[in-house]
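J.: For reference, the structure I am asking about is given below.
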Amino acid sequence: MSLTDLKIAAARDALRAHEFTARELTEAHLAAIEALNPRLNAFITVTGERALAQADAADAALARGAFAPLTGIPLAIKDLFCTEGVRTTAGSRILGPFVPPYESTVSANLLRDGAVFLGKANMDEFAMGSSNMTSAYGPVTNPWKRRQDQDAALVPGGSSGGSAAAVSARMAMGATGTDTGGSIRQPASFCGIVGLKPTYGRCSRWGVVAFASSLDHPGPFARDVHDCAILLGSMAGHDPKDSTSADVPVPDYEAACARSVKGMRIGVPREYRVDGMQGEIETLWQTGLTWLREAGADVIDVSLPHTKYALPAYYIVAPAEASSNLARYDGVRFGLREPGEDLRDLYERTRAAGFGAEVRRRVLIGTYVLSAGYYDAYYLRAQKVRALILRDFTEAFAKVDALVAPTAPSAAFAQGENMDDPVQMYLNDVFTGPADLAGVPAISVPAGLDANGLPLGLQVIGKPFDEETVFAVGAALERAAAFDALPQVRAGG
Amino acid sequence: MSLDPATIRRIATLARIHVEDAEVATLQAELNGILGWIEQLNEVNVEGIEPLTGATQMALKMREDVVTDGGYPDKILANAPQRAGDFFAVPKVVE
């Protein structure tokens, strides 16, 4: 087995047993990036020298027996996380020249625990997108291919498309992502890997370039549920620098993966059955529920009646927050500057040149729904609908321990598809958006393949701050699915 | 409710994004498409519902009102497109 095929848990044990060095493990991943990144474009910036220096430090620690949870484990960091001294673009032209003088809390936590950073992963501009097609640094190609149409380049999903593609193609052992409307779970489903959006407040947003502050959730990607649990254990924790960071203990997530689901009540939200969903997804969902019944869980129908209103509410709340957050890109303090006739013209030309089409659309929508005379009709109404969506989850969780549903309404689509109508692209998040609005934790686990040989994910949604049940149910689905299909493009493949 | 070209220009001005005349019609169609889809929220009965501003239900923490960070102008200015001493520089605003 090649070093790039190892999972984090196994590599951690092997490093501690001195079976290979952290330098060898990092070199194997850097070689994979060198070979595959020209095809996949998963990384915007590769930090090879830094990675090797971090790996050498890890080897020195391992030699002393002074290891931390992630000592020597090579990861990809979504280019939305500020990394001290390493360019951070948020996938945007407007941050093209930006080198943060500070480290985000989540990435600092990973470095504290000994991780090695291979580079910065490509993404939709400012995390706005479901295909990675809005990146100013070019699209990312999904490592998976359709059986019948090997030439078609597929999207990895988005917005954390580079992170998901890198982990799937074995260019990194794990990665960070952010999920605002589905940006971790949908790419995890499209790329056949595991992605977790924790509870809002579980992982600090400090130093993560802001898109929609009440919806942005940092979280991990990995190739199995246990590895995601290891990563979350390092990423999570209270941070005084984020006023919405939760001051609650971080439990033992690894132990939670081994918990039995016997006697658990699993809810099936009937509103997650929508027109136009791929038939195989409905079948896979039923299969997943059968697996959980066989493992001793009780499967119960539940109703989340406001589900269909989640995305329209999201497309008011998220653009409104974005229009406010992105006001800081003015060409004065950092980032791109375009010359103008006067200061105002400088602002307007900098922002016109710096923002891509999707970001511009959302800033304009957000500006409109917050503007005088329209605030009550749009923004206030959307916040009330958001309250109803949270109430749906609260009422369901009075009856069940977790919910199980598909992650996305389709498998990965081709680059260029769903581009003509913004609303068509938004509908990708139909099953993921509600959990962001409610702030509840959710994981996507690869559970099967469609007729084209493309991976499909199932999603487990849990109660606030109960990631442990989400891991337990996710791990039960993973054991039953025994998903071992491999992407066509991968290191050593 | 449908946005006309003048409203598109007004929003763009509020958002401080320069929009070329040739782009207005495309933006008008796209934004009206999105807003038309959002209109379905009017079907929801929100009578008596308190708006939810964020997912976290926790009270914000209080802390001492003291300076805990700062004192490094070079780090702050390191990414400035143009600087003058310890200041960000912009085109002349007042004649």
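Letters for chains follow the order of the structure tokens (A, B, ...), residue numbers begin at 1 for each chain, and ligand numbers begin at 1 in the order shown.
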Can you list every residue of chain A that has an atom at most 7 Å from chain B, with its nearest atom pair and the distance in Å to one decimal, using only C-alpha atoms, ordered by chain then number, as CSV?

T.:
```
residue,atom,partner,partner_atom,distance
A:Phe98,CA,B:Asn79,CA,6.2
A:Val99,CA,B:Asn79,CA,6.9
A:Pro101,CA,B:Lys75,CA,6.0
A:Tyr200,CA,B:Ala55,CA,6.4
A:Gly201,CA,B:Thr56,CA,6.9
A:Ser214,CA,B:Gly54,CA,5.0
A:Ser243,CA,B:Leu60,CA,6.5
A:Thr244,CA,B:Thr56,CA,7.0
A:Tyr309,CA,B:Leu41,CA,6.4
A:Pro312,CA,B:Ile38,CA,4.8
A:Val332,CA,B:Pro81,CA,6.5
A:Arg333,CA,B:Ala80,CA,4.8
A:Phe334,CA,B:Asn79,CA,4.7
A:Gly335,CA,B:Asn79,CA,6.8
A:Arg337,CA,B:Pro81,CA,6.4
A:Asp342,CA,B:Pro91,CA,6.3
A:Leu343,CA,B:Pro91,CA,5.9
A:Tyr347,CA,B:Arg16,CA,6.3
A:Glu348,CA,B:Ile17,CA,4.4
A:Arg349,CA,B:His18,CA,5.6
A:Arg351,CA,B:Ile17,CA,5.4
A:Ala352,CA,B:Ile17,CA,5.2
A:Leu364,CA,B:Ile11,CA,6.2
A:Ile365,CA,B:Leu31,CA,6.9
A:Thr367,CA,B:Ala15,CA,6.3
A:Tyr368,CA,B:Ile11,CA,6.1
A:Leu380,CA,B:Pro51,CA,6.5
A:Gln383,CA,B:Pro51,CA,4.7
A:Lys384,CA,B:Pro51,CA,4.1
A:Val385,CA,B:Val46,CA,6.9
A:Arg386,CA,B:Leu52,CA,6.1
A:Ala387,CA,B:Leu52,CA,5.0
A:Val423,CA,B:Ile34,CA,6.3
A:Leu437,CA,B:Ala55,CA,6.6
A:Ala438,CA,B:Ala55,CA,5.5
A:Gly439,CA,B:Ala55,CA,4.8
```

J.: Residues of the last selection are to be written out with C-alpha atoms, as a PDB file, in the first residue's frame.

T.:
```pdb
ATOM      1  CA  PHE A  98      -3.369  39.250   0.380  1.00  0.00           C
ATOM      2  CA  VAL A  99      -0.872  37.657   2.793  1.00  0.00           C
ATOM      3  CA  PRO A 101      -0.278  38.600   9.211  1.00  0.00           C
ATOM      4  CA  TYR A 200     -22.663  26.462  14.852  1.00  0.00           C
ATOM      5  CA  GLY A 201     -20.172  27.723  17.430  1.00  0.00           C
ATOM      6  CA  SER A 214     -24.529  33.565  11.163  1.00  0.00           C
ATOM      7  CA  SER A 243     -18.096  35.968  20.194  1.00  0.00           C
ATOM      8  CA  THR A 244     -20.317  33.159  18.839  1.00  0.00           C
ATOM      9  CA  TYR A 309     -38.714  27.467   2.256  1.00  0.00           C
ATOM     10  CA  PRO A 312     -35.412  30.970  -0.497  1.00  0.00           C
ATOM     11  CA  VAL A 332      -7.733  50.842   0.695  1.00  0.00           C
ATOM     12  CA  ARG A 333      -6.387  48.581   3.426  1.00  0.00           C
ATOM     13  CA  PHE A 334      -5.578  45.284   1.696  1.00  0.00           C
ATOM     14  CA  GLY A 335      -6.217  43.385  -1.500  1.00  0.00           C
ATOM     15  CA  ARG A 337      -6.865  48.365  -5.857  1.00  0.00           C
ATOM     16  CA  ASP A 342     -11.769  59.971  -6.991  1.00  0.00           C
ATOM     17  CA  LEU A 343     -12.106  57.821  -3.857  1.00  0.00           C
ATOM     18  CA  TYR A 347     -14.113  51.836  -4.542  1.00  0.00           C
ATOM     19  CA  GLU A 348     -16.520  51.118  -7.385  1.00  0.00           C
ATOM     20  CA  ARG A 349     -13.873  50.132  -9.936  1.00  0.00           C
ATOM     21  CA  ARG A 351     -15.043  46.085  -6.495  1.00  0.00           C
ATOM     22  CA  ALA A 352     -16.161  45.742 -10.139  1.00  0.00           C
ATOM     23  CA  LEU A 364     -26.479  43.289  -5.077  1.00  0.00           C
ATOM     24  CA  ILE A 365     -29.303  41.028  -3.813  1.00  0.00           C
ATOM     25  CA  THR A 367     -27.908  45.288  -0.674  1.00  0.00           C
ATOM     26  CA  TYR A 368     -31.446  45.322  -2.089  1.00  0.00           C
ATOM     27  CA  LEU A 380     -37.258  40.290   8.451  1.00  0.00           C
ATOM     28  CA  GLN A 383     -35.482  35.615   9.629  1.00  0.00           C
ATOM     29  CA  LYS A 384     -38.961  34.595  10.776  1.00  0.00           C
ATOM     30  CA  VAL A 385     -38.965  31.691   8.306  1.00  0.00           C
ATOM     31  CA  ARG A 386     -35.545  30.771   9.689  1.00  0.00           C
ATOM     32  CA  ALA A 387     -37.107  30.602  13.164  1.00  0.00           C
ATOM     33  CA  VAL A 423     -31.501  29.386  -9.182  1.00  0.00           C
ATOM     34  CA  LEU A 437     -30.020  27.842   8.979  1.00  0.00           C
ATOM     35  CA  ALA A 438     -30.724  25.838  12.157  1.00  0.00           C
ATOM     36  CA  GLY A 439     -27.031  25.496  13.106  1.00  0.00           C
TER      37      GLY A 439
END
```

J.: So which residues touch segment 114-130 of chain A within 6 Å, counting only C-alpha atoms, skipping near sequence neighbours fewer than 2 positions away, as a ChimeraX atom specification?

T.: /A:42-47,51,54,68,70-79,90-92,110-112,132,134-135,157-163

J.: What's the 6 Å shell around segment 34-40 of chain A, counting only C-alpha atoms, without same-chain residues fewer than 3 positions away, as an MDAnalysis selection string?

T.: chainID A and resid 31 140:141

J.: Write out as a PyMOL selection string all residues of segment 101-319 of chain A that backbone DSSP assigns to helix (DSSP H, G or I).

T.: chain A and resi 105-112+125-127+161-168+185-191+225-235+253-257+270-272+279-294+307-319

J.: Write out as a list in words all residues of segment 281-354 of chain A that DSSP puts in strand (DSSP E) for this structure's backbone.

T.: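 Those residues are Asp298, Val299, Ile300, Asp301 and Val302 of chain A.
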
J.: When distances are computed from only C-alpha atoms, which of A:Ser324, A:Val268, A:Ala408, A:Asn452 shows the smallest separation from Ser371 of chain A?

T.: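 Ranking A:Ser324, A:Val268, A:Ala408, A:Asn452 by distance to Ser371 of chain A, first place goes to A:Ser324.
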
J.: Atom CA of Val440 of chain A and atom CA of Ala166 of chain A, how far apart in Å?

T.: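 It comes out at 26.3 Å.
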
J.: Between atom CA of Arg361 of chain A and atom CA of Met425 of chain A, what is the spacing in Å?

T.: 13.3 Å

J.: Tell me, as a list in words, which residues lie within 10 Å of Ala236 of chain A, counting only C-alpha atoms; anything in the same chain fewer than 6 positions away does not count.

T.: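 What passes the distance filter is Thr105, Val106, Asn109, Leu110, Pro198, Gly201, Arg202, Cys203, Ser204, Pro218, Gly219, Ser245, Ala246, Pro249, Val250 and Pro251 of chain A.
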
J.: Using only C-alpha atoms, determine which residues lie at most 12 Å from Asn428 of chain A, disregarding the query and same-chain residues fewer than 5 positions distant; provide the list as a ChimeraX atom specification.

T.: /A:129-131,157-159,181-183,185-187,189-190,274,276-277,311,406-413,418,422-423,433

J.: Store the residues picked out above in a file with C-alpha atoms, as a PDB file, in the first residue's frame.

T.:
```pdb
ATOM      1  CA  GLY A 129     -21.150  28.343  -5.223  1.00  0.00           C
ATOM      2  CA  SER A 130     -21.941  24.656  -5.489  1.00  0.00           C
ATOM      3  CA  SER A 131     -19.538  23.660  -8.274  1.00  0.00           C
ATOM      4  CA  GLY A 157     -19.129  20.356  -5.868  1.00  0.00           C
ATOM      5  CA  GLY A 158     -18.616  23.490  -3.877  1.00  0.00           C
ATOM      6  CA  SER A 159     -17.767  25.676  -2.346  1.00  0.00           C
ATOM      7  CA  GLY A 181     -25.377  26.274   2.724  1.00  0.00           C
ATOM      8  CA  GLY A 182     -23.840  22.850   2.069  1.00  0.00           C
ATOM      9  CA  SER A 183     -20.253  23.685   1.086  1.00  0.00           C
ATOM     10  CA  ARG A 185     -21.370  18.072   2.656  1.00  0.00           C
ATOM     11  CA  GLN A 186     -22.254  18.506  -1.045  1.00  0.00           C
ATOM     12  CA  PRO A 187     -18.605  18.296  -2.272  1.00  0.00           C
ATOM     13  CA  SER A 189     -20.954  13.584  -1.561  1.00  0.00           C
ATOM     14  CA  PHE A 190     -19.753  14.466  -5.101  1.00  0.00           C
ATOM     15  CA  VAL A 274     -38.349  16.095  -4.020  1.00  0.00           C
ATOM     16  CA  GLY A 276     -36.429  15.564 -10.086  1.00  0.00           C
ATOM     17  CA  MET A 277     -34.232  13.719  -7.595  1.00  0.00           C
ATOM     18  CA  LEU A 311     -33.364  27.863   0.348  1.00  0.00           C
ATOM     19  CA  PRO A 406     -29.710  12.218   1.026  1.00  0.00           C
ATOM     20  CA  THR A 407     -26.926  14.836   0.949  1.00  0.00           C
ATOM     21  CA  ALA A 408     -27.600  16.212  -2.540  1.00  0.00           C
ATOM     22  CA  PRO A 409     -30.337  15.721  -5.168  1.00  0.00           C
ATOM     23  CA  SER A 410     -27.840  14.451  -7.789  1.00  0.00           C
ATOM     24  CA  ALA A 411     -24.360  13.049  -8.317  1.00  0.00           C
ATOM     25  CA  ALA A 412     -21.558  15.294  -9.639  1.00  0.00           C
ATOM     26  CA  PHE A 413     -22.510  17.133 -12.828  1.00  0.00           C
ATOM     27  CA  ASN A 418     -26.357  24.383 -14.270  1.00  0.00           C
ATOM     28  CA  PRO A 422     -28.418  30.898 -10.870  1.00  0.00           C
ATOM     29  CA  VAL A 423     -31.501  29.386  -9.182  1.00  0.00           C
ATOM     30  CA  GLY A 433     -29.249  24.409   3.578  1.00  0.00           C
TER      31      GLY A 433
END
```

J.: Could you state the separation of atom CA of Asp56 of chain A and atom CA of Tyr253 of chain A in Å, given to one decimal place?

T.: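 We find that atom CA of Asp56 of chain A and atom CA of Tyr253 of chain A lie 28.3 Å from each other.
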
J.: Got a sec: who's within 7 Å of Asn325 of chain A, counting only C-alpha atoms, leaving out chain neighbours fewer than 4 positions off, as a ChimeraX atom specification?

T.: /A:210-211,321

J.: Determine the nearest neighbour of Arg50 of chain A from the options A:Met235, A:Val86, A:Leu62, A:Val155, counting only C-alpha atoms.

T.: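 Looking only at the distances to Arg50 of chain A, the closest residue turns out to be A:Val86.
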